[in-house]
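Shown below: entry32.pdb, with PDB, C-alpha atoms.
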ATOM      1  CA  MET A 172      14.713  27.758 -30.407  1.00  0.00           C
ATOM      2  CA  ILE A 173      15.559  24.882 -28.075  1.00  0.00           C
ATOM      3  CA  THR A 174      19.230  24.749 -27.043  1.00  0.00           C
ATOM      4  CA  GLU A 175      21.385  21.907 -25.727  1.00  0.00           C
ATOM      5  CA  GLN A 176      21.010  23.435 -22.267  1.00  0.00           C
ATOM      6  CA  ASP A 177      17.223  23.386 -22.715  1.00  0.00           C
ATOM      7  CA  GLU A 178      17.389  19.708 -23.656  1.00  0.00           C
ATOM      8  CA  HIS A 179      19.465  19.016 -20.537  1.00  0.00           C
ATOM      9  CA  PHE A 180      16.877  20.613 -18.268  1.00  0.00           C
ATOM     10  CA  ILE A 181      13.936  19.033 -20.126  1.00  0.00           C
ATOM     11  CA  ARG A 182      15.537  15.625 -19.544  1.00  0.00           C
ATOM     12  CA  MET A 183      15.829  16.475 -15.844  1.00  0.00           C
ATOM     13  CA  ALA A 184      12.089  17.237 -15.772  1.00  0.00           C
ATOM     14  CA  ILE A 185      11.350  13.958 -17.567  1.00  0.00           C
ATOM     15  CA  ASP A 186      13.521  12.085 -15.035  1.00  0.00           C
ATOM     16  CA  LEU A 187      11.539  13.692 -12.210  1.00  0.00           C
ATOM     17  CA  ALA A 188       8.312  12.585 -13.889  1.00  0.00           C
ATOM     18  CA  ARG A 189       9.561   9.014 -14.032  1.00  0.00           C
ATOM     19  CA  ARG A 190      10.802   9.122 -10.419  1.00  0.00           C
ATOM     20  CA  GLY A 191       7.500  10.397  -9.059  1.00  0.00           C
ATOM     21  CA  MET A 192       5.531   7.907 -11.126  1.00  0.00           C
ATOM     22  CA  ASN A 193       7.740   4.961 -10.114  1.00  0.00           C
ATOM     23  CA  ASN A 194       7.390   5.959  -6.447  1.00  0.00           C
ATOM     24  CA  ASN A 195       3.587   6.050  -6.814  1.00  0.00           C
ATOM     25  CA  GLN A 196       3.513   9.731  -5.907  1.00  0.00           C
ATOM     26  CA  GLY A 197       1.181  10.706  -8.745  1.00  0.00           C
ATOM     27  CA  GLY A 198       0.980  10.994 -12.506  1.00  0.00           C
ATOM     28  CA  PRO A 199       3.943  11.013 -14.912  1.00  0.00           C
ATOM     29  CA  PHE A 200       4.784  14.711 -14.797  1.00  0.00           C
ATOM     30  CA  GLY A 201       7.920  16.578 -13.722  1.00  0.00           C
ATOM     31  CA  ALA A 202       9.042  20.211 -13.765  1.00  0.00           C
ATOM     32  CA  ILE A 203      12.012  22.337 -12.811  1.00  0.00           C
ATOM     33  CA  VAL A 204      12.631  26.073 -12.549  1.00  0.00           C
ATOM     34  CA  VAL A 205      16.030  27.385 -13.600  1.00  0.00           C
ATOM     35  CA  LYS A 206      17.576  30.798 -12.982  1.00  0.00           C
ATOM     36  CA  ASP A 207      20.979  31.741 -14.358  1.00  0.00           C
ATOM     37  CA  GLY A 208      21.684  28.105 -15.222  1.00  0.00           C
ATOM     38  CA  ALA A 209      20.908  26.749 -11.722  1.00  0.00           C
ATOM     39  CA  VAL A 210      17.902  24.701 -10.655  1.00  0.00           C
ATOM     40  CA  ILE A 211      16.036  26.644  -7.958  1.00  0.00           C
ATOM     41  CA  GLY A 212      12.819  24.626  -7.880  1.00  0.00           C
ATOM     42  CA  GLN A 213      11.708  21.173  -8.886  1.00  0.00           C
ATOM     43  CA  GLY A 214       8.722  18.951  -8.502  1.00  0.00           C
ATOM     44  CA  TYR A 215       6.855  15.961  -9.736  1.00  0.00           C
ATOM     45  CA  ASN A 216       3.152  15.273  -9.670  1.00  0.00           C
ATOM     46  CA  GLN A 217       1.961  14.433  -6.141  1.00  0.00           C
ATOM     47  CA  VAL A 218      -1.801  14.647  -6.584  1.00  0.00           C
ATOM     48  CA  THR A 219      -2.591  11.153  -5.312  1.00  0.00           C
ATOM     49  CA  SER A 220       0.078  10.924  -2.598  1.00  0.00           C
ATOM     50  CA  ARG A 221      -0.867  14.285  -1.067  1.00  0.00           C
ATOM     51  CA  ASN A 222      -4.578  14.033  -1.823  1.00  0.00           C
ATOM     52  CA  ASP A 223      -4.165  17.486  -3.351  1.00  0.00           C
ATOM     53  CA  PRO A 224      -5.569  18.181  -6.821  1.00  0.00           C
ATOM     54  CA  THR A 225      -3.279  21.226  -7.086  1.00  0.00           C
ATOM     55  CA  ALA A 226      -0.036  19.276  -6.462  1.00  0.00           C
ATOM     56  CA  HIS A 227       0.895  19.206 -10.137  1.00  0.00           C
ATOM     57  CA  ALA A 228       4.597  19.164 -10.996  1.00  0.00           C
ATOM     58  CA  GLU A 229       4.633  22.752 -12.242  1.00  0.00           C
ATOM     59  CA  VAL A 230       2.874  24.097  -9.149  1.00  0.00           C
ATOM     60  CA  VAL A 231       5.205  22.168  -6.821  1.00  0.00           C
ATOM     61  CA  ALA A 232       8.255  23.489  -8.719  1.00  0.00           C
ATOM     62  CA  ILE A 233       6.931  27.072  -8.751  1.00  0.00           C
ATOM     63  CA  ARG A 234       6.290  26.985  -5.001  1.00  0.00           C
ATOM     64  CA  GLU A 235       9.807  25.713  -4.289  1.00  0.00           C
ATOM     65  CA  ALA A 236      11.403  28.261  -6.625  1.00  0.00           C
ATOM     66  CA  CYS A 237       9.458  31.142  -5.073  1.00  0.00           C
ATOM     67  CA  ARG A 238      10.536  30.037  -1.585  1.00  0.00           C
ATOM     68  CA  HIS A 239      14.135  29.963  -2.839  1.00  0.00           C
ATOM     69  CA  LEU A 240      13.848  33.446  -4.354  1.00  0.00           C
ATOM     70  CA  VAL A 241      11.805  34.786  -1.437  1.00  0.00           C
ATOM     71  CA  HIS A 242       9.518  36.327  -4.042  1.00  0.00           C
ATOM     72  CA  PHE A 243       6.193  35.526  -5.653  1.00  0.00           C
ATOM     73  CA  GLN A 244       7.385  35.976  -9.226  1.00  0.00           C
ATOM     74  CA  LEU A 245       9.913  34.044 -11.291  1.00  0.00           C
ATOM     75  CA  THR A 246      11.417  36.979 -13.138  1.00  0.00           C
ATOM     76  CA  GLY A 247      14.311  35.852 -15.320  1.00  0.00           C
ATOM     77  CA  CYS A 248      13.568  32.154 -14.771  1.00  0.00           C
ATOM     78  CA  VAL A 249      12.804  29.338 -17.187  1.00  0.00           C
ATOM     79  CA  LEU A 250      10.252  26.677 -16.335  1.00  0.00           C
ATOM     80  CA  TYR A 251      10.937  23.272 -17.891  1.00  0.00           C
ATOM     81  CA  THR A 252       8.184  20.709 -17.799  1.00  0.00           C
ATOM     82  CA  SER A 253       7.845  17.171 -19.071  1.00  0.00           C
ATOM     83  CA  CYS A 254       4.463  17.990 -20.609  1.00  0.00           C
ATOM     84  CA  GLU A 255       2.547  20.968 -21.950  1.00  0.00           C
ATOM     85  CA  PRO A 256       0.958  22.578 -18.873  1.00  0.00           C
ATOM     86  CA  CYS A 257      -2.696  21.949 -18.062  1.00  0.00           C
ATOM     87  CA  PRO A 258      -5.010  24.971 -17.706  1.00  0.00           C
ATOM     88  CA  MET A 259      -4.486  25.187 -13.921  1.00  0.00           C
ATOM     89  CA  CYS A 260      -0.704  25.058 -14.245  1.00  0.00           C
ATOM     90  CA  LEU A 261      -0.758  27.496 -17.130  1.00  0.00           C
ATOM     91  CA  GLY A 262      -2.637  29.942 -14.908  1.00  0.00           C
ATOM     92  CA  ALA A 263      -0.073  29.491 -12.122  1.00  0.00           C
ATOM     93  CA  ILE A 264       2.755  29.952 -14.619  1.00  0.00           C
ATOM     94  CA  TYR A 265       1.247  33.162 -15.962  1.00  0.00           C
ATOM     95  CA  TRP A 266       0.901  34.526 -12.415  1.00  0.00           C
ATOM     96  CA  ALA A 267       4.521  33.551 -11.652  1.00  0.00           C
ATOM     97  CA  ARG A 268       5.716  35.295 -14.849  1.00  0.00           C
ATOM     98  CA  PRO A 269       8.807  33.303 -15.844  1.00  0.00           C
ATOM     99  CA  ALA A 270      10.771  34.456 -18.873  1.00  0.00           C
ATOM    100  CA  ARG A 271      10.164  31.210 -20.786  1.00  0.00           C
ATOM    101  CA  ILE A 272       8.334  27.903 -20.657  1.00  0.00           C
ATOM    102  CA  VAL A 273       9.826  24.847 -22.340  1.00  0.00           C
ATOM    103  CA  TYR A 274       7.910  21.562 -22.475  1.00  0.00           C
ATOM    104  CA  ALA A 275       8.365  18.068 -23.892  1.00  0.00           C
ATOM    105  CA  ALA A 276       5.150  16.046 -24.441  1.00  0.00           C
ATOM    106  CA  THR A 277       2.005  17.717 -25.752  1.00  0.00           C
ATOM    107  CA  ARG A 278      -1.428  17.871 -24.160  1.00  0.00           C
ATOM    108  CA  GLU A 279      -2.531  15.382 -26.820  1.00  0.00           C
ATOM    109  CA  ASP A 280       0.158  12.972 -25.580  1.00  0.00           C
ATOM    110  CA  ALA A 281      -1.153  13.443 -22.042  1.00  0.00           C
ATOM    111  CA  ALA A 282      -4.731  12.827 -23.177  1.00  0.00           C
ATOM    112  CA  ASP A 283      -3.654   9.620 -24.879  1.00  0.00           C
ATOM    113  CA  ALA A 284      -2.208   8.484 -21.508  1.00  0.00           C
ATOM    114  CA  GLY A 285      -5.493   9.253 -19.716  1.00  0.00           C
ATOM    115  CA  PHE A 286      -4.866  12.872 -18.658  1.00  0.00           C
ATOM    116  CA  ASP A 287      -7.356  14.684 -20.882  1.00  0.00           C
ATOM    117  CA  ASP A 288      -7.896  18.363 -20.102  1.00  0.00           C
ATOM    118  CA  SER A 289      -9.853  19.097 -23.275  1.00  0.00           C
ATOM    119  CA  PHE A 290     -13.099  19.400 -21.313  1.00  0.00           C
ATOM    120  CA  ILE A 291     -11.589  22.295 -19.334  1.00  0.00           C
ATOM    121  CA  TYR A 292     -10.489  24.096 -22.483  1.00  0.00           C
ATOM    122  CA  ALA A 293     -14.023  23.617 -23.858  1.00  0.00           C
ATOM    123  CA  GLU A 294     -15.553  25.025 -20.667  1.00  0.00           C
ATOM    124  CA  LEU A 295     -13.496  28.233 -20.520  1.00  0.00           C
ATOM    125  CA  PRO A 296     -15.328  30.175 -23.248  1.00  0.00           C
ATOM    126  CA  LEU A 297     -18.752  29.262 -21.823  1.00  0.00           C
ATOM    127  CA  PRO A 298     -20.629  31.748 -19.637  1.00  0.00           C
ATOM    128  CA  PRO A 299     -20.120  30.782 -15.967  1.00  0.00           C
ATOM    129  CA  ALA A 300     -23.755  29.680 -15.512  1.00  0.00           C
ATOM    130  CA  GLU A 301     -23.439  27.201 -18.412  1.00  0.00           C
ATOM    131  CA  ARG A 302     -20.315  25.404 -17.259  1.00  0.00           C
ATOM    132  CA  ARG A 303     -20.287  21.853 -15.881  1.00  0.00           C
ATOM    133  CA  TYR A 304     -19.879  23.319 -12.427  1.00  0.00           C
ATOM    134  CA  ALA A 305     -22.315  26.195 -12.695  1.00  0.00           C
ATOM    135  CA  MET A 306     -21.184  29.361 -10.995  1.00  0.00           C
ATOM    136  CA  GLU A 307     -23.492  31.789  -9.235  1.00  0.00           C
ATOM    137  CA  HIS A 308     -22.670  35.069  -7.600  1.00  0.00           C
ATOM    138  CA  GLY A 309     -24.060  37.296  -4.895  1.00  0.00           C
ATOM    139  CA  CYS A 310     -22.995  40.054  -2.503  1.00  0.00           C
ATOM    140  CA  ARG A 311     -21.152  41.804  -5.321  1.00  0.00           C
ATOM    141  CA  GLU A 312     -21.384  45.252  -3.726  1.00  0.00           C
ATOM    142  CA  GLU A 313     -19.754  43.986  -0.526  1.00  0.00           C
ATOM    143  CA  ALA A 314     -16.933  42.392  -2.493  1.00  0.00           C
ATOM    144  CA  GLN A 315     -16.499  45.554  -4.546  1.00  0.00           C
ATOM    145  CA  ALA A 316     -16.051  47.484  -1.293  1.00  0.00           C
ATOM    146  CA  VAL A 317     -13.046  45.298  -0.480  1.00  0.00           C
ATOM    147  CA  PHE A 318     -11.607  45.998  -3.946  1.00  0.00           C
ATOM    148  CA  GLY A 319     -12.206  49.711  -3.347  1.00  0.00           C
ATOM    149  CA  ALA A 320     -10.279  49.487  -0.083  1.00  0.00           C
ATOM    150  CA  TRP A 321      -7.448  47.663  -1.905  1.00  0.00           C
ATOM    151  CA  LYS A 322      -7.253  50.385  -4.554  1.00  0.00           C
ATOM    152  CA  ALA A 323      -7.001  53.047  -1.836  1.00  0.00           C
ATOM    153  CA  MET A 324      -4.597  51.101   0.387  1.00  0.00           C
ATOM    154  CA  ALA A 325      -1.174  52.702   0.861  1.00  0.00           C
ATOM    155  CA  GLY A 326       1.934  50.508   0.762  1.00  0.00           C
ATOM    156  CA  LYS A 327       0.307  47.507  -0.877  1.00  0.00           C
ATOM    157  CA  VAL A 328       2.410  45.067  -2.892  1.00  0.00           C
ATOM    158  CA  GLY A 329       0.892  44.753  -6.335  1.00  0.00           C
ATOM    159  CA  TYR A 330       1.174  41.693  -8.512  1.00  0.00           C
TER     160      TYR A 330
END
Using structure tokens, write down the structure that the file contains.
Amino acid sequence: MITEQDEHFIRMAIDLARRGMNNNQGGPFGAIVVKDGAVIGQGYNQVTSRNDPTAHAEVVAIREACRHLVHFQLTGCVLYTSCEPCPMCLGAIYWARPARIVYAATREDAADAGFDDSFIYAELPLPPAERRYAMEHGCREEAQAVFGAWKAMAGKVGY
């Protein structure tokens, strides 16, 4: 259930989207991370201004919030975003593990504006070799040895 506080923070994310877009930083997307009612991370899309395909609003906001928390997870945080997250951002959000995600526009709204991720969603269930960017693998045993060393490593920080 969306609260008045949620609406307040969603509007902040939408304002960031507009600001970044109007400053020609990137697409019309904004996001903020909130913990205990305070904004600890924010970002707008900066893909074109940074020449970085990963500089989506959610990723920028997550990075800032994690720096603020000095931790790689957003435990107890809420991520507000002006649009339903794309597959890349959704992956980053899942790894960051916030308590909630609240978004405004849908992925269909984004597609209508020229930001269509449907091809990625269609690719995900395909076997790696059949995807648009075919994937091949080799040296599996050598990579497995590194995983074996990780499993045996004392004092590691799991995530």
Nearest-residue call for A:Phe243, choices A:Ala263, A:Pro256, A:Pro299, A:Ala323, using all atoms listed in the file: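 Of the candidates, the smallest distance to A:Phe243 is held by A:Ala263.
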Evaluated on this file, the PyMOL selection byres ((chain A and resi 270-278) around 9) picks out some residues - which ones are they, written as a count of residues only? 32
Starting from the displayed file, determine the output of the PyMOL selection byres ((chain A and resi 230-240) around 7) and express the residue list as a VMD selection string. chain A and resid 202 to 204 211 to 214 226 to 229 241 to 245 260 263
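The nearest approach to A:Ala209 among the residues A:Gly329, A:Gly285, A:Gln176, A:Asn222, with all atoms listed in the file taken into account, belongs to A:Gln176.
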Which residue of A:Phe180, A:Asn216, A:Ala305, A:Gly262 approaches A:Met192 most closely, using all atoms listed in the file: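 For A:Met192, the nearest of the given residues is A:Asn216.
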What separation in Å, quoted to one decimal, exists between atom CA of A:Gln217 and atom CA of A:Gly201? 9.9 Å
Evaluate the PyMOL selection byres ((chain A and resi 193-195) around 12) against this structure - the residues, as a ChimeraX atom specification, please. /A:186-192,196-200,215-221
Take stretch 272-295 of chain A, model N, CA and C atoms, and hand the result over as a compact mmCIF listing (two decimals), in the coordinates of the input.
# COMPACT_ATOMS: atom_id res chain seq x y z
N ILE A 272 8.87 29.22 -21.02
CA ILE A 272 8.33 27.90 -20.66
C ILE A 272 8.78 26.95 -21.75
N VAL A 273 9.38 25.85 -21.37
CA VAL A 273 9.83 24.85 -22.34
C VAL A 273 9.23 23.51 -21.91
N TYR A 274 8.56 22.83 -22.83
CA TYR A 274 7.91 21.56 -22.48
C TYR A 274 8.26 20.47 -23.48
N ALA A 275 8.04 19.23 -23.06
CA ALA A 275 8.36 18.07 -23.89
C ALA A 275 7.11 17.51 -24.55
N ALA A 276 6.35 16.66 -23.87
CA ALA A 276 5.15 16.05 -24.44
C ALA A 276 4.05 17.10 -24.61
N THR A 277 3.12 16.80 -25.50
CA THR A 277 2.00 17.72 -25.75
C THR A 277 0.78 17.33 -24.92
N ARG A 278 -0.19 18.20 -24.88
CA ARG A 278 -1.43 17.87 -24.16
C ARG A 278 -2.16 16.72 -24.83
N GLU A 279 -1.95 16.54 -26.13
CA GLU A 279 -2.53 15.38 -26.82
C GLU A 279 -1.87 14.09 -26.35
N ASP A 280 -0.55 14.14 -26.13
CA ASP A 280 0.16 12.97 -25.58
C ASP A 280 -0.39 12.63 -24.19
N ALA A 281 -0.62 13.66 -23.39
CA ALA A 281 -1.15 13.44 -22.04
C ALA A 281 -2.56 12.84 -22.12
N ALA A 282 -3.37 13.36 -23.02
CA ALA A 282 -4.73 12.83 -23.18
C ALA A 282 -4.70 11.36 -23.58
N ASP A 283 -3.78 11.01 -24.45
CA ASP A 283 -3.65 9.62 -24.88
C ASP A 283 -3.28 8.70 -23.71
N ALA A 284 -2.60 9.26 -22.69
CA ALA A 284 -2.21 8.48 -21.51
C ALA A 284 -3.28 8.54 -20.41
N GLY A 285 -4.41 9.20 -20.69
CA GLY A 285 -5.49 9.25 -19.72
C GLY A 285 -5.62 10.56 -18.96
N PHE A 286 -4.83 11.57 -19.33
CA PHE A 286 -4.87 12.87 -18.66
C PHE A 286 -5.41 13.90 -19.64
N ASP A 287 -6.72 13.86 -19.85
CA ASP A 287 -7.36 14.68 -20.88
C ASP A 287 -7.96 15.94 -20.26
N ASP A 288 -7.41 17.08 -20.60
CA ASP A 288 -7.90 18.36 -20.10
C ASP A 288 -8.78 19.08 -21.11
N SER A 289 -9.11 18.41 -22.21
CA SER A 289 -9.85 19.10 -23.28
C SER A 289 -11.20 19.62 -22.78
N PHE A 290 -11.81 18.93 -21.82
CA PHE A 290 -13.10 19.40 -21.31
C PHE A 290 -12.95 20.75 -20.61
N ILE A 291 -11.80 21.00 -20.00
CA ILE A 291 -11.59 22.30 -19.33
C ILE A 291 -11.44 23.38 -20.38
N TYR A 292 -10.64 23.11 -21.42
CA TYR A 292 -10.49 24.10 -22.48
C TYR A 292 -11.83 24.41 -23.13
N ALA A 293 -12.70 23.41 -23.27
CA ALA A 293 -14.02 23.62 -23.86
C ALA A 293 -14.93 24.42 -22.94
N GLU A 294 -14.72 24.32 -21.63
CA GLU A 294 -15.55 25.02 -20.67
C GLU A 294 -15.20 26.51 -20.57
N LEU A 295 -13.94 26.86 -20.77
CA LEU A 295 -13.50 28.23 -20.52
C LEU A 295 -14.28 29.30 -21.28
